[in-house]
Amino acid sequence: MWLLLTVENLISALGTTRDFFGGSNPASPKMNRNVSQMISYWGYPSEEYDGMTEDSYILEIYRISYGKKNSENRDAGYDVWMGNSRGNTWSRKHLKFSPTSPEFWAFSLDEMAKYDLPATINFIVEKTGQERLYYVGHSQGTTIAFIAFSTNPELAKRIKIFFALAPVTTVQYTRSPMRRLTTLSRQAVKVLFGDKMFSPHTFFEQFIATKVCNRKLFRRICSNFLFSFSGFDPKNLNMSRLDVYLAQSQAGTSVQNMLHWSQAVNSGLFQAFDWGNPDKNMEHFHQLTPPVYNVSQMEVPTAMWSGGQDNVADSKDTENLLPKITRLIYYKFIPHYNHVDFYLGQDAPQEIYQDLIRMMEECF
């Protein structure tokens, strides 16, 4: 579910453009196709739904109910659902608040775990009649799951296996350039970025991705930009799709969510968002300081993969996480993997997906 969401975020626009420098990638479909159109383009059935959270956010949910109709196709044949968290490109609706208002953006990981993930899972259960699901998460998709499954036992019972790719709880050792935010005060971050959306996908980014990075001349520069955030593994990236990946790589979130990540880096703790003063913390948590999430309380069978070149989910943080997973059924360390190899790596089917599908089949 969440693995495919991440792929969707980065690849859904696989589009052709008239190249400003004289030529483009003719194999890519048009950039202006939406997610459902992209799913259909690649030969899969597509369904689109609106899910509602308890606090009135509307989340787009996509479904691929079965594999390609071609009988010779080797699809695994699972009913795949792709969710979205509040505030990203595909989930910017609320019954009362507009995305132009600060109230809409007053959320972080806590709300995604408390409201978004349960709303998505419950929607799928009600729609399909399936009482239990497999959950595949990457990066922040694992973070939300670790919070939700350790604090909501009833939700955890709905998960057969939690597949965690590049798992992130603590980020004490992260080497991502985003770490630079931690040197700024909360007030400075709000002065620089405001109190609403952080890192929206801008027209300039789209132009660079589709008009510059699709040229062989600029591929090394563009790939280095991607690797600076994710970690280096250039041999494992399909350079002919580089413009596609960069064009959809920033789906947006809240400034508050980035403050939450900055807090996590500075504290070294897997902890709820600090609202800035004891009174507000008491209002939200009934205690003066934010609670620490106890991953060891999660009873979901969990399989994990981590990478040795991952700048975001550093292997030291993963090593600290492993002993806390009480029902760890599988773990694989892939030395050459960076943070995006888990879904963009050309060898991901061999390194990850074959074992993932095998575990699902054995669980039936």
# chains A, B, ... in the order shown; residues from 1 in each chain; ligands from 1
call {"tool": "closest_atom_pairs", "arguments": {"of": "stretch 29-143 of chain A", "to": "stretch 150-165 of chain A", "cutoff": "9 Å", "atoms": "only C-alpha atoms", "output": "tab-separated table"}}
result
residue	atom	partner	partner_atom	distance
A:Lys114	CA	A:Asn152	CA	8.3
A:Pro118	CA	A:Leu155	CA	6.7
A:Ile121	CA	A:Leu155	CA	8.1
A:Asn122	CA	A:Leu155	CA	8.5
A:Val125	CA	A:Arg158	CA	8.6
A:Glu131	CA	A:Arg158	CA	6.2
A:Arg132	CA	A:Arg158	CA	4.3
A:Leu133	CA	A:Ile159	CA	4.9
A:Tyr134	CA	A:Ile161	CA	5.3
A:Tyr135	CA	A:Phe162	CA	4.9
A:Val136	CA	A:Phe163	CA	4.7
A:Gly137	CA	A:Ala164	CA	5.2
A:His138	CA	A:Leu165	CA	4.7
A:Ser139	CA	A:Leu165	CA	6.6
A:Gly141	CA	A:Ala164	CA	8.3
A:Thr142	CA	A:Ala164	CA	5.7
call {"tool": "closest_residue", "arguments": {"among": "A:Phe146, A:Phe232, A:Phe104, A:Tyr78", "to": "A:Glu361", "atoms": "only C-alpha atoms"}}
result
A:Tyr78
call {"tool": "residues_around", "arguments": {"residues": "A:Glu111", "least_positions_apart": "3", "cutoff": "12 Å", "atoms": "only C-alpha atoms", "output": "ChimeraX atom specification"}}
result
/A:53-57,85-87,104-108,114-119,143-145,147-148,254,256-257,260,272-273,284
call {"tool": "write_last_selection", "arguments": {"atoms": "N, CA, C and O atoms", "output": "compact mmCIF listing (two decimals), in the first residue's frame"}}
result
# COMPACT_ATOMS: atom_id res chain seq x y z
N THR A 53 -11.23 11.36 7.41
CA THR A 53 -10.66 11.13 8.75
C THR A 53 -11.63 11.66 9.81
O THR A 53 -12.55 12.43 9.52
N GLU A 54 -11.39 11.27 11.05
CA GLU A 54 -12.24 11.72 12.15
C GLU A 54 -12.18 13.22 12.34
O GLU A 54 -13.12 13.83 12.84
N ASP A 55 -11.05 13.84 11.96
CA ASP A 55 -10.94 15.29 12.08
C ASP A 55 -11.16 15.99 10.74
O ASP A 55 -10.69 17.11 10.52
N SER A 56 -11.87 15.33 9.83
CA SER A 56 -12.46 15.95 8.64
C SER A 56 -11.51 16.25 7.49
O SER A 56 -11.83 17.07 6.62
N TYR A 57 -10.35 15.61 7.45
CA TYR A 57 -9.51 15.70 6.26
C TYR A 57 -10.00 14.68 5.24
O TYR A 57 -10.43 13.58 5.59
N SER A 85 -1.31 10.76 2.82
CA SER A 85 -1.40 11.49 4.08
C SER A 85 -1.85 12.92 3.81
O SER A 85 -1.61 13.48 2.75
N ARG A 86 -2.49 13.49 4.79
CA ARG A 86 -2.97 14.87 4.70
C ARG A 86 -1.85 15.82 4.27
O ARG A 86 -0.70 15.70 4.68
N GLY A 87 -2.22 16.77 3.42
CA GLY A 87 -1.29 17.83 3.04
C GLY A 87 -0.44 17.57 1.83
O GLY A 87 0.17 18.50 1.31
N PHE A 104 -5.39 24.43 8.64
CA PHE A 104 -5.31 23.22 7.81
C PHE A 104 -3.97 22.53 8.01
O PHE A 104 -3.88 21.30 7.99
N TRP A 105 -2.90 23.31 8.21
CA TRP A 105 -1.54 22.77 8.25
C TRP A 105 -1.04 22.51 9.66
O TRP A 105 0.15 22.24 9.85
N ALA A 106 -1.92 22.56 10.64
CA ALA A 106 -1.52 22.32 12.03
C ALA A 106 -1.50 20.82 12.32
O ALA A 106 -2.31 20.29 13.08
N PHE A 107 -0.56 20.12 11.70
CA PHE A 107 -0.45 18.67 11.88
C PHE A 107 0.98 18.23 11.66
O PHE A 107 1.80 18.94 11.07
N SER A 108 1.26 17.03 12.14
CA SER A 108 2.56 16.40 11.89
C SER A 108 2.35 14.89 11.88
O SER A 108 1.25 14.40 11.63
N LYS A 114 -2.58 8.98 13.98
CA LYS A 114 -3.80 8.88 14.77
C LYS A 114 -5.06 8.86 13.92
O LYS A 114 -6.04 8.17 14.24
N TYR A 115 -5.04 9.62 12.80
CA TYR A 115 -6.25 9.77 12.00
C TYR A 115 -6.14 9.19 10.58
O TYR A 115 -7.02 8.46 10.14
N ASP A 116 -5.06 9.55 9.87
CA ASP A 116 -4.99 9.20 8.44
C ASP A 116 -4.88 7.70 8.20
O ASP A 116 -5.62 7.14 7.39
N LEU A 117 -3.94 7.07 8.88
CA LEU A 117 -3.74 5.64 8.64
C LEU A 117 -4.95 4.81 9.08
O LEU A 117 -5.41 3.94 8.32
N PRO A 118 -5.53 5.04 10.26
CA PRO A 118 -6.75 4.30 10.62
C PRO A 118 -7.89 4.54 9.64
O PRO A 118 -8.61 3.59 9.29
N ALA A 119 -8.07 5.78 9.19
CA ALA A 119 -9.16 6.07 8.24
C ALA A 119 -8.97 5.31 6.94
O ALA A 119 -9.93 4.76 6.38
N THR A 143 7.26 5.26 9.66
CA THR A 143 7.18 6.05 10.90
C THR A 143 5.74 6.12 11.39
O THR A 143 5.45 5.88 12.57
N ILE A 144 4.85 6.47 10.47
CA ILE A 144 3.43 6.56 10.82
C ILE A 144 2.92 5.22 11.32
O ILE A 144 2.15 5.15 12.30
N ALA A 145 3.35 4.15 10.68
CA ALA A 145 2.88 2.81 11.07
C ALA A 145 3.42 2.42 12.44
O ALA A 145 2.69 1.84 13.26
N ILE A 147 4.08 4.33 14.89
CA ILE A 147 3.29 5.07 15.88
C ILE A 147 1.90 4.45 16.02
O ILE A 147 1.44 4.13 17.12
N ALA A 148 1.24 4.27 14.89
CA ALA A 148 -0.15 3.80 14.90
C ALA A 148 -0.27 2.39 15.47
O ALA A 148 -1.14 2.12 16.30
N SER A 254 3.49 19.76 5.91
CA SER A 254 3.35 20.98 6.70
C SER A 254 4.69 21.40 7.29
O SER A 254 5.58 20.57 7.52
N GLN A 256 4.89 22.33 10.25
CA GLN A 256 4.86 21.70 11.57
C GLN A 256 5.43 20.29 11.52
O GLN A 256 6.12 19.86 12.46
N ASN A 257 5.17 19.58 10.44
CA ASN A 257 5.74 18.23 10.32
C ASN A 257 7.26 18.29 10.24
O ASN A 257 7.96 17.45 10.82
N HIS A 260 8.62 18.81 13.55
CA HIS A 260 8.60 17.55 14.29
C HIS A 260 9.84 16.71 13.98
O HIS A 260 10.48 16.15 14.88
N ALA A 272 6.26 12.28 20.41
CA ALA A 272 5.21 13.12 19.85
C ALA A 272 5.68 14.56 19.73
O ALA A 272 6.69 14.96 20.31
N PHE A 273 4.95 15.35 18.94
CA PHE A 273 5.32 16.73 18.66
C PHE A 273 5.25 17.59 19.92
O PHE A 273 4.27 17.57 20.65
N HIS A 284 -2.79 18.75 24.78
CA HIS A 284 -2.79 17.69 23.77
C HIS A 284 -2.52 16.31 24.34
O HIS A 284 -3.05 15.31 23.84
call {"tool": "atom_distance", "arguments": {"atom1": "atom CA of A:Lys332", "atom2": "atom CA of A:Gly231"}}
result
18.1 Å
call {"tool": "closest_residue", "arguments": {"among": "A:Asp347, A:Asp110, A:Glu319, A:Asp341", "to": "A:Tyr173", "atoms": "only C-alpha atoms"}}
result
A:Glu319
call {"tool": "residues_around", "arguments": {"residues": "A:Asp50", "least_positions_apart": "6", "cutoff": "10 Å", "atoms": "only C-alpha atoms", "output": "PyMOL selection string"}}
result
chain A and resi 57-62+91+93+120+123
call {"tool": "residues_around", "arguments": {"residues": "stretch 268-270 of chain A", "least_positions_apart": "6", "cutoff": "6 Å", "atoms": "only C-alpha atoms", "output": "PyMOL selection string"}}
result
chain A and resi 169-170+172+292-293
call {"tool": "atom_distance", "arguments": {"atom1": "atom CA of A:Gly276", "atom2": "atom CA of A:Ser185"}}
result
11.3 Å
call {"tool": "residues_around", "arguments": {"residues": "A:Lys235", "least_positions_apart": "2", "cutoff": "12 Å", "atoms": "only C-alpha atoms", "output": "ChimeraX atom specification"}}
result
/A:220,223,227,232-233,237-239,336-338,341,344-347
